[in-house]
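One file, model.cif, carrying mmCIF, C-alpha atoms:
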data_target
loop_
_atom_site.label_atom_id
_atom_site.label_comp_id
_atom_site.auth_asym_id
_atom_site.auth_seq_id
_atom_site.Cartn_x
_atom_site.Cartn_y
_atom_site.Cartn_z
CA MET Z 18 183.08 134.90 161.20
CA SER Z 19 186.71 135.86 160.68
CA GLU Z 20 187.54 139.21 159.17
CA ARG Z 21 187.59 138.99 155.39
CA ALA Z 22 190.57 140.18 153.37
CA GLU Z 23 190.58 143.47 151.54
CA ALA Z 24 190.21 143.38 147.75
CA TRP Z 25 190.71 145.93 145.01
CA LEU Z 26 189.48 146.42 141.46
CA ALA Z 27 191.40 148.72 139.11
CA LEU Z 28 190.43 149.79 135.59
CA GLU Z 29 192.68 150.74 132.72
CA ASN Z 30 191.19 154.26 132.82
CA GLY Z 31 192.83 154.77 136.23
CA GLN Z 32 189.84 154.28 138.53
CA VAL Z 33 190.26 152.03 141.56
CA PHE Z 34 187.47 150.47 143.68
CA SER Z 35 187.96 148.86 147.10
CA GLY Z 36 185.94 146.10 148.73
CA LYS Z 37 186.17 142.76 150.48
CA SER Z 38 187.22 139.36 149.19
CA ALA Z 39 184.26 136.98 148.81
CA GLY Z 40 186.00 134.13 147.00
CA ALA Z 41 189.49 132.87 146.30
CA GLU Z 42 192.54 134.94 147.12
CA GLY Z 43 194.86 136.03 144.36
CA GLU Z 44 194.83 138.29 141.33
CA LYS Z 45 193.07 138.08 137.95
CA THR Z 46 192.77 140.29 134.88
CA GLY Z 47 190.34 140.52 131.96
CA ASP Z 48 187.71 142.57 130.16
CA VAL Z 49 185.03 143.66 132.64
CA VAL Z 50 181.45 142.98 131.45
CA PHE Z 51 178.16 143.37 133.28
CA ASN Z 52 175.42 140.74 133.36
CA THR Z 53 171.83 141.83 134.03
CA ALA Z 54 170.43 138.42 134.98
CA MET Z 55 168.88 138.16 138.46
CA THR Z 56 169.67 134.45 138.75
CA GLY Z 57 172.03 131.94 137.18
CA TYR Z 58 175.36 133.08 138.62
CA HIS Z 59 176.57 129.47 138.80
CA GLU Z 60 175.72 128.77 135.15
CA ILE Z 61 177.31 132.08 134.13
CA LEU Z 62 180.60 131.38 135.87
CA THR Z 63 180.81 127.85 134.39
CA ASP Z 64 179.95 129.05 130.87
CA PRO Z 65 183.18 128.78 128.80
CA SER Z 66 182.05 131.86 126.84
CA TYR Z 67 183.19 133.99 129.79
CA ALA Z 68 186.86 133.02 129.48
CA GLY Z 69 188.98 136.16 129.36
CA GLN Z 70 186.29 138.25 131.05
CA VAL Z 71 185.61 139.56 134.56
CA VAL Z 72 181.88 139.27 135.27
CA MET Z 73 180.03 141.95 137.21
CA MET Z 74 176.48 141.11 138.28
CA THR Z 75 174.15 144.13 138.25
CA TYR Z 76 171.59 142.49 140.56
CA PRO Z 77 172.67 143.60 144.06
CA LEU Z 78 172.36 140.28 145.97
CA ILE Z 79 174.19 137.24 144.62
CA GLY Z 80 174.52 133.75 146.11
CA ASN Z 81 171.27 133.63 148.06
CA TYR Z 82 170.28 130.19 146.71
CA GLY Z 83 173.79 128.76 146.86
CA VAL Z 84 175.25 126.39 144.29
CA ALA Z 85 173.78 123.12 143.01
CA GLU Z 86 176.47 121.20 141.16
CA GLU Z 87 174.00 119.65 138.70
CA ASP Z 88 173.42 123.15 137.27
CA ALA Z 89 177.02 123.62 136.08
CA GLU Z 90 177.36 124.28 132.36
CA SER Z 91 180.89 122.80 132.26
CA PRO Z 92 183.28 121.02 134.65
CA LYS Z 93 184.92 124.23 135.97
CA ALA Z 94 184.66 127.98 136.38
CA TRP Z 95 185.80 129.91 133.30
CA ALA Z 96 185.15 133.56 134.17
CA GLU Z 97 188.40 135.26 135.21
CA ALA Z 98 186.85 136.89 138.29
CA LEU Z 99 183.56 138.09 139.79
CA VAL Z 100 182.30 141.48 141.01
CA VAL Z 101 179.19 141.79 143.21
CA ARG Z 102 177.53 144.36 145.42
CA GLU Z 103 176.60 141.89 148.17
CA MET Z 104 177.41 138.20 148.55
CA SER Z 105 175.12 135.90 150.53
CA THR Z 106 176.88 133.48 152.87
CA ILE Z 107 173.80 131.27 153.29
CA SER Z 108 172.01 129.02 150.79
CA SER Z 109 168.21 129.24 150.86
CA ASN Z 110 167.64 126.27 148.56
CA GLN Z 111 167.20 122.58 149.30
CA ARG Z 112 169.14 121.69 146.12
CA ALA Z 113 172.29 123.57 147.17
CA THR Z 114 175.46 121.54 147.62
CA SER Z 115 177.51 124.48 148.93
CA THR Z 116 177.32 128.19 149.60
CA MET Z 117 178.47 130.57 146.89
CA PRO Z 118 181.60 131.80 148.76
CA GLU Z 119 182.64 128.18 149.43
CA TRP Z 120 182.23 127.31 145.75
CA LEU Z 121 184.16 130.39 144.63
CA LYS Z 122 187.09 129.48 146.87
CA GLU Z 123 187.07 125.82 145.80
CA ASN Z 124 187.04 126.82 142.12
CA GLY Z 125 189.66 129.56 142.37
CA VAL Z 126 187.39 132.46 141.41
CA VAL Z 127 188.79 135.74 142.73
CA THR Z 128 185.78 137.79 143.86
CA ILE Z 129 185.30 141.32 145.16
CA GLU Z 130 182.22 142.30 147.19
CA GLY Z 131 181.05 145.77 148.21
CA VAL Z 132 181.71 147.54 144.91
CA ASP Z 133 179.19 150.13 143.72
CA THR Z 134 178.05 148.01 140.77
CA ARG Z 135 175.63 150.72 139.57
CA GLU Z 136 178.51 153.15 139.16
CA LEU Z 137 180.68 150.53 137.48
CA THR Z 138 177.85 149.54 135.12
CA LYS Z 139 177.23 153.16 134.09
CA LEU Z 140 180.96 153.59 133.57
CA THR Z 141 181.09 150.48 131.36
CA ARG Z 142 178.12 151.71 129.30
CA THR Z 143 179.86 155.06 128.79
CA GLU Z 144 183.47 154.01 128.19
CA GLY Z 145 182.97 150.45 126.96
CA SER Z 146 184.31 147.17 128.27
CA LEU Z 147 187.55 148.13 130.01
CA ARG Z 148 190.43 145.90 130.97
CA CYS Z 149 190.73 145.46 134.71
CA VAL Z 150 192.49 143.65 137.53
CA ILE Z 151 191.00 142.27 140.75
CA SER Z 152 193.46 141.58 143.53
CA THR Z 153 193.57 140.52 147.16
CA ILE Z 154 197.38 140.70 147.28
CA ASP Z 155 198.21 144.16 145.88
CA SER Z 156 196.80 147.36 147.39
CA ASP Z 157 198.92 149.92 145.54
CA PRO Z 158 196.70 151.94 143.15
CA ALA Z 159 199.48 152.77 140.71
CA SER Z 160 200.59 149.15 140.53
CA LEU Z 161 197.03 147.92 140.05
CA VAL Z 162 196.26 150.38 137.24
CA ALA Z 163 199.49 149.40 135.49
CA LYS Z 164 198.45 145.74 135.68
CA ALA Z 165 195.02 146.58 134.26
CA ARG Z 166 196.60 148.42 131.35
CA ALA Z 167 198.92 145.48 130.68
CA ALA Z 168 196.10 142.92 130.77
CA ALA Z 169 195.28 140.94 127.65
CA SER Z 170 192.02 141.92 125.95
CA THR Z 171 189.74 139.47 124.16
CA ASP Z 172 190.48 141.22 120.86
CA GLY Z 173 192.33 138.96 118.43
CA ARG Z 174 192.47 136.00 120.85
CA ASP Z 175 191.47 132.46 119.92
CA LEU Z 176 190.04 131.67 123.32
CA ALA Z 177 187.81 128.99 121.80
CA SER Z 178 190.80 126.70 121.34
CA GLU Z 179 191.75 127.21 124.99
CA VAL Z 180 188.36 126.17 126.39
CA SER Z 181 187.54 123.42 123.88
CA CYS Z 182 187.62 119.71 124.70
CA ARG Z 183 190.89 117.97 123.89
CA GLU Z 184 189.43 114.80 122.32
CA PRO Z 185 186.11 113.87 120.66
CA TYR Z 186 183.41 112.36 122.88
CA THR Z 187 179.76 111.35 122.71
CA TRP Z 188 177.02 113.08 124.73
CA GLU Z 189 173.87 111.12 125.62
CA GLU Z 190 172.25 113.07 128.47
CA SER Z 191 168.93 114.80 127.80
CA TYR Z 192 166.96 117.18 130.01
CA HIS Z 193 166.37 116.23 133.63
CA ASP Z 194 162.79 115.19 134.43
CA SER Z 195 162.25 118.45 136.33
CA TYR Z 196 163.26 120.66 133.38
CA PRO Z 197 160.33 122.65 131.90
CA ASP Z 198 159.11 120.75 128.84
CA GLU Z 199 158.67 123.67 126.45
CA VAL Z 200 159.55 121.45 123.49
CA PRO Z 201 158.09 117.92 123.15
CA THR Z 202 160.63 115.10 123.13
CA ALA Z 203 161.42 114.10 119.56
CA THR Z 204 160.15 110.72 118.40
CA GLY Z 205 161.07 108.63 115.39
CA LYS Z 206 164.43 108.49 113.67
CA ARG Z 207 167.45 109.86 115.48
CA TYR Z 208 169.98 111.88 113.50
CA ARG Z 209 173.74 111.98 113.92
CA VAL Z 210 175.15 115.45 114.60
CA VAL Z 211 178.75 116.50 115.08
CA ALA Z 212 178.98 119.45 117.46
CA TYR Z 213 182.04 121.69 117.29
CA ASP Z 214 183.08 122.60 120.83
CA PHE Z 215 184.12 126.24 120.75
CA GLY Z 216 183.03 126.45 124.41
CA ALA Z 217 179.80 124.45 124.38
CA LYS Z 218 177.39 124.65 127.30
CA ARG Z 219 175.99 121.36 128.57
CA ASN Z 220 172.38 122.42 128.11
CA ILE Z 221 172.96 122.96 124.40
CA LEU Z 222 174.05 119.33 124.14
CA ARG Z 223 171.05 118.24 126.23
CA SER Z 224 168.77 120.22 123.92
CA LEU Z 225 170.16 118.44 120.86
CA VAL Z 226 169.63 115.02 122.47
CA HIS Z 227 166.10 116.02 123.53
CA CYS Z 228 165.28 116.91 119.94
CA GLY Z 229 166.37 113.57 118.52
CA PHE Z 230 170.09 113.89 117.83
CA ASP Z 231 172.90 111.48 118.65
CA VAL Z 232 175.69 113.91 119.54
CA THR Z 233 179.43 113.59 118.96
CA VAL Z 234 181.40 116.56 120.29
CA VAL Z 235 184.72 117.43 118.63
CA PRO Z 236 187.50 119.94 119.45
CA ALA Z 237 187.47 123.40 117.89
CA TRP Z 238 190.34 122.57 115.53
CA THR Z 239 188.84 119.36 114.05
CA SER Z 240 189.23 119.23 110.26
CA SER Z 241 186.30 119.02 107.90
CA ASP Z 242 187.62 115.69 106.58
CA ASP Z 243 187.53 114.22 110.08
CA VAL Z 244 183.98 115.48 110.59
CA LEU Z 245 182.73 114.17 107.26
CA GLY Z 246 184.44 110.86 108.02
CA MET Z 247 182.06 110.48 110.95
CA GLU Z 248 179.17 110.49 108.43
CA PRO Z 249 176.94 112.91 110.35
CA ASP Z 250 173.51 114.00 109.21
CA ALA Z 251 174.24 117.55 110.37
CA VAL Z 252 176.84 119.82 111.96
CA PHE Z 253 176.37 122.13 114.95
CA LEU Z 254 178.63 125.07 115.86
CA SER Z 255 178.61 126.00 119.56
CA ASN Z 256 178.96 129.14 121.58
CA GLY Z 257 182.36 130.21 122.87
CA PRO Z 258 184.59 133.08 124.01
CA GLY Z 259 186.83 135.59 122.30
CA ASP Z 260 187.23 137.07 118.86
CA PRO Z 261 185.56 134.97 116.12
CA SER Z 262 188.04 136.14 113.48
CA ALA Z 263 190.87 134.59 115.51
CA VAL Z 264 189.38 131.07 115.36
CA THR Z 265 191.14 130.44 112.06
CA ARG Z 266 191.21 126.63 112.20
CA GLY Z 267 187.50 126.55 112.92
CA ILE Z 268 186.82 128.99 110.09
CA ASP Z 269 188.84 126.86 107.66
CA ALA Z 270 187.01 123.68 108.67
CA VAL Z 271 183.54 125.21 108.45
CA SER Z 272 184.38 126.69 105.05
CA ASN Z 273 184.77 123.15 103.72
CA LEU Z 274 181.45 121.99 105.22
CA ILE Z 275 179.24 124.52 103.43
CA GLY Z 276 176.94 122.75 100.97
CA LYS Z 277 177.75 119.32 102.37
CA LYS Z 278 175.69 119.16 105.59
CA PRO Z 279 172.93 121.16 107.29
CA ILE Z 280 174.50 123.54 109.82
CA PHE Z 281 173.15 125.35 112.88
CA GLY Z 282 175.32 127.91 114.71
CA ILE Z 283 174.79 129.57 118.09
CA CYS Z 284 176.66 132.65 119.40
CA LEU Z 285 180.33 132.21 118.40
CA GLY Z 286 179.17 129.54 115.93
CA HIS Z 287 176.86 132.16 114.41
CA GLN Z 288 179.75 134.62 114.12
CA ILE Z 289 182.11 132.05 112.59
CA LEU Z 290 179.49 131.11 110.00
CA SER Z 291 178.98 134.79 109.16
CA ILE Z 292 182.70 135.17 108.45
CA VAL Z 293 182.79 131.98 106.37
CA LEU Z 294 179.80 133.19 104.32
CA GLY Z 295 181.24 136.63 103.60
CA ALA Z 296 180.13 138.93 106.44
CA LYS Z 297 182.24 140.83 108.96
CA THR Z 298 182.25 141.01 112.75
CA HIS Z 299 183.20 143.77 115.20
CA LYS Z 300 183.64 144.17 118.94
CA MET Z 301 180.70 145.84 120.67
CA PRO Z 302 181.19 148.67 123.18
CA PHE Z 303 180.00 146.59 126.16
CA GLY Z 304 178.28 143.58 124.58
CA HIS Z 305 175.09 141.74 125.51
CA HIS Z 306 175.18 139.76 128.76
CA GLY Z 307 171.92 138.88 130.47
CA ALA Z 308 168.66 136.94 130.45
CA ASN Z 309 166.25 139.65 129.35
CA HIS Z 310 167.06 140.76 125.78
CA PRO Z 311 164.07 141.13 123.42
CA VAL Z 312 164.60 139.69 119.94
CA ARG Z 313 162.17 139.71 117.02
CA ASP Z 314 162.01 136.66 114.78
CA ILE Z 315 161.54 138.39 111.43
CA LEU Z 316 160.37 135.15 109.81
CA THR Z 317 157.44 134.69 112.23
CA GLY Z 318 156.96 138.21 113.60
CA LYS Z 319 157.16 136.91 117.16
CA VAL Z 320 159.17 138.60 119.90
CA GLU Z 321 161.17 136.36 122.22
CA ILE Z 322 162.92 137.24 125.48
CA THR Z 323 166.40 135.76 125.21
CA SER Z 324 169.51 134.91 127.18
CA GLN Z 325 172.68 136.44 125.74
CA ASN Z 326 176.42 136.50 126.27
CA HIS Z 327 178.59 137.97 123.55
CA SER Z 328 181.01 140.86 123.09
CA PHE Z 329 181.30 140.61 119.30
CA ALA Z 330 178.54 141.04 116.71
CA VAL Z 331 177.94 140.67 112.98
CA ASP Z 332 177.98 143.88 110.94
CA PRO Z 333 174.50 144.07 109.34
CA GLU Z 334 175.77 146.11 106.40
CA SER Z 335 178.24 143.35 105.54
CA LEU Z 336 175.67 140.55 105.11
CA PRO Z 337 175.99 139.31 101.52
CA ASP Z 338 172.96 138.84 99.26
CA HIS Z 339 172.81 135.07 99.81
CA LEU Z 340 172.13 135.58 103.54
CA GLU Z 341 168.76 136.66 104.93
CA LEU Z 342 168.49 138.48 108.25
CA SER Z 343 166.17 136.38 110.42
CA HIS Z 344 166.42 137.86 113.93
CA ILE Z 345 167.05 141.38 115.23
CA ASN Z 346 167.70 142.78 118.70
CA LEU Z 347 164.97 145.21 119.69
CA ASN Z 348 167.23 147.16 122.07
CA ASP Z 349 169.88 148.19 119.55
CA ASP Z 350 168.94 146.63 116.16
CA THR Z 351 172.00 144.36 116.14
CA VAL Z 352 172.01 141.13 114.13
CA GLU Z 353 170.62 138.21 116.16
CA GLY Z 354 170.40 135.58 113.44
CA PHE Z 355 170.39 134.83 109.73
CA ARG Z 356 169.69 132.00 107.32
CA HIS Z 357 171.15 131.03 103.97
CA LYS Z 358 168.81 131.51 101.05
CA THR Z 359 169.79 128.33 99.22
CA GLU Z 360 171.71 126.12 101.68
CA PRO Z 361 170.33 124.41 104.84
CA ILE Z 362 172.08 126.81 107.20
CA PHE Z 363 170.75 129.07 109.95
CA THR Z 364 172.14 130.78 113.04
CA VAL Z 365 171.21 132.77 116.13
CA GLN Z 366 173.41 135.06 118.19
CA TYR Z 367 171.61 134.38 121.48
CA HIS Z 368 171.17 131.21 123.58
CA PRO Z 369 167.99 129.19 122.92
CA GLU Z 370 168.99 126.60 125.52
CA ALA Z 371 168.78 129.45 128.09
CA ALA Z 372 169.44 127.62 131.33
CA PRO Z 373 168.70 129.43 133.50
CA GLY Z 374 166.58 131.97 131.73
CA PRO Z 375 163.68 132.34 129.31
CA LEU Z 376 162.77 129.34 127.18
CA ASP Z 377 161.02 131.34 124.44
CA SER Z 378 163.56 130.23 121.82
CA SER Z 379 164.01 126.56 122.73
CA HIS Z 380 161.95 125.62 119.67
CA LEU Z 381 164.97 126.41 117.48
CA PHE Z 382 166.51 123.02 118.21
CA MET Z 383 163.41 121.37 116.77
CA ARG Z 384 163.67 123.74 113.81
CA PHE Z 385 167.16 122.33 113.29
CA ARG Z 386 165.79 118.78 113.36
CA GLU Z 387 163.11 119.70 110.82
CA LEU Z 388 165.78 121.23 108.58
CA VAL Z 389 167.74 117.97 108.72
CA GLU Z 390 164.62 115.91 108.01
CA LYS Z 391 163.96 117.90 104.83
CA GLN Z 392 167.39 116.96 103.52
#

Represent the structure contained in this file as structure tokens.
Amino acid sequence: MSERAEAWLALENGQVFSGKSAGAEGEKTGDVVFNTAMTGYHEILTDPSYAGQVVMMTYPLIGNYGVAEEDAESPKAWAEALVVREMSTISSNQRATSTMPEWLKENGVVTIEGVDTRELTKLTRTEGSLRCVISTIDSDPASLVAKARAAASTDGRDLASEVSCREPYTWEESYHDSYPDEVPTATGKRYRVVAYDFGAKRNILRSLVHCGFDVTVVPAWTSSDDVLGMEPDAVFLSNGPGDPSAVTRGIDAVSNLIGKKPIFGICLGHQILSIVLGAKTHKMPFGHHGANHPVRDILTGKVEITSQNHSFAVDPESLPDHLELSHINLNDDTVEGFRHKTEPIFTVQYHPEAAPGPLDSSHLFMRFRELVEKQ
């Protein structure tokens, strides 16, 4: 094996880490966040919700089962860069179509290996999500720190409009036959749903189809008139990256859909609905990114292990009287979901489609169908 290039990671606080390049060459900036999942690196990197962020995996060995293209959550990699302790150069999985380093290079993901990810995680927990730069072309510490300090943060950025589809399209694919069947396939009437693409993951769309919806996906800036003109039975608001308060066109459109159609929002969709309905959002110190977050469903009393990826959260004190808190995070008591007391609207902050990850919350898509049926 040829000698790998040097790579460097610099933080806005002045700290610099050295390592080896394990992906594409170049230079990328963004907010550094840590993800505690042991698997799912391919799905994480292709999740549009990671746009604007540099992902650090806390599990020490990444890439050991390679990459299977059918697992991608979107057509491309969206994370700005990747940080790992150790990168596997072999793929111990019969489904793999390439090794992880090969995929990273092909998809232009700048990656640094050999960083003390425990130290960097503890630093992020203490100081919050810092802006950073990862480079294989600049080795000067002062220059790198200056670039980190000049990097754009996710604060105030409408990243959803950057990752959204450009034109409406229909989605017909359901779960693959091998996917765990935690929720029975819906039978009977199929319902038309318009899904706003703020950065939608493919398995969310598959989940909707599985639960009896005919799905039309529309760009993040689609007007309410255009959506209502499609005569849907319901509206879905997807996950996505960035600051929810910056998605002004989406907020305006959703404001005009309240009281007209049943609505289900996930992640960024949950945050946008909270703003529309009178609540406030704020940026968290280091966010929730992983596949092991315990959430209590207040309505049923059950605890579910959930997959999460968000840097912003809804302020619980700002929830107006017409909204009822429905889910709470058991690690830090943050808002994980709410429902409207009089309108057919509910949301969750986490990811019930959870591929890969726990499927405890997959029933929520059927809850959405039942809500539509009641209307």

**Asked** Which residues match the PyMOL selection byres ((chain Z and resi 374-380) around 10) in the file above, as a PyMOL selection string?
**Response** chain Z and resi 54-57+197-201+221+224+228+307-310+312+314+319-325+365+367-373+381-385

**Item:** Output of the PyMOL selection byres ((chain Z and resi 358) around 10), listed as number ranges by chain
**Value:** Z: 338-341, 355-357, 359-363

Those residues you just picked out, can you put them in a file as an mmCIF file, keeping the file's coordinate frame with C-alpha atoms?
data_model
loop_
_atom_site.group_PDB
_atom_site.id
_atom_site.type_symbol
_atom_site.label_atom_id
_atom_site.label_comp_id
_atom_site.auth_asym_id
_atom_site.auth_seq_id
_atom_site.Cartn_x
_atom_site.Cartn_y
_atom_site.Cartn_z
ATOM 1 C CA ASP Z 338 172.960 138.840 99.260
ATOM 2 C CA HIS Z 339 172.810 135.070 99.810
ATOM 3 C CA LEU Z 340 172.130 135.580 103.540
ATOM 4 C CA GLU Z 341 168.760 136.660 104.930
ATOM 5 C CA PHE Z 355 170.390 134.830 109.730
ATOM 6 C CA ARG Z 356 169.690 132.000 107.320
ATOM 7 C CA HIS Z 357 171.150 131.030 103.970
ATOM 8 C CA THR Z 359 169.790 128.330 99.220
ATOM 9 C CA GLU Z 360 171.710 126.120 101.680
ATOM 10 C CA PRO Z 361 170.330 124.410 104.840
ATOM 11 C CA ILE Z 362 172.080 126.810 107.200
ATOM 12 C CA PHE Z 363 170.750 129.070 109.950
#

**Request:** Go through Z:Gly69, Z:Pro77, Z:Gly31, Z:Gly295 one by one, measure the shortest atom-to-atom distance of each to Ala165 in chain Z using all atoms listed in the file, and give the residue with the smallest value.
**Result:**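 Residue with the minimum atom-to-atom distance to Ala165 in chain Z: Z:Gly31.
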
**Asked** Residues picked by the PyMOL selection byres ((chain Z and resi 129) around 10) here, as a count of residues only?
**Response** 31

**Gap from CA of Leu285 in chain Z to CA of Val226 in chain Z - Å, one decimal** =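 Taking CA of Leu285 in chain Z and CA of Val226 in chain Z, their separation equals 20.7 Å.
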
**Request:** Calculate how many Å separate CA of Ser343 in chain Z from CA of Leu388 in chain Z, rounding to one decimal.
**Result:**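 Between these atoms lies a distance of 15.3 Å.
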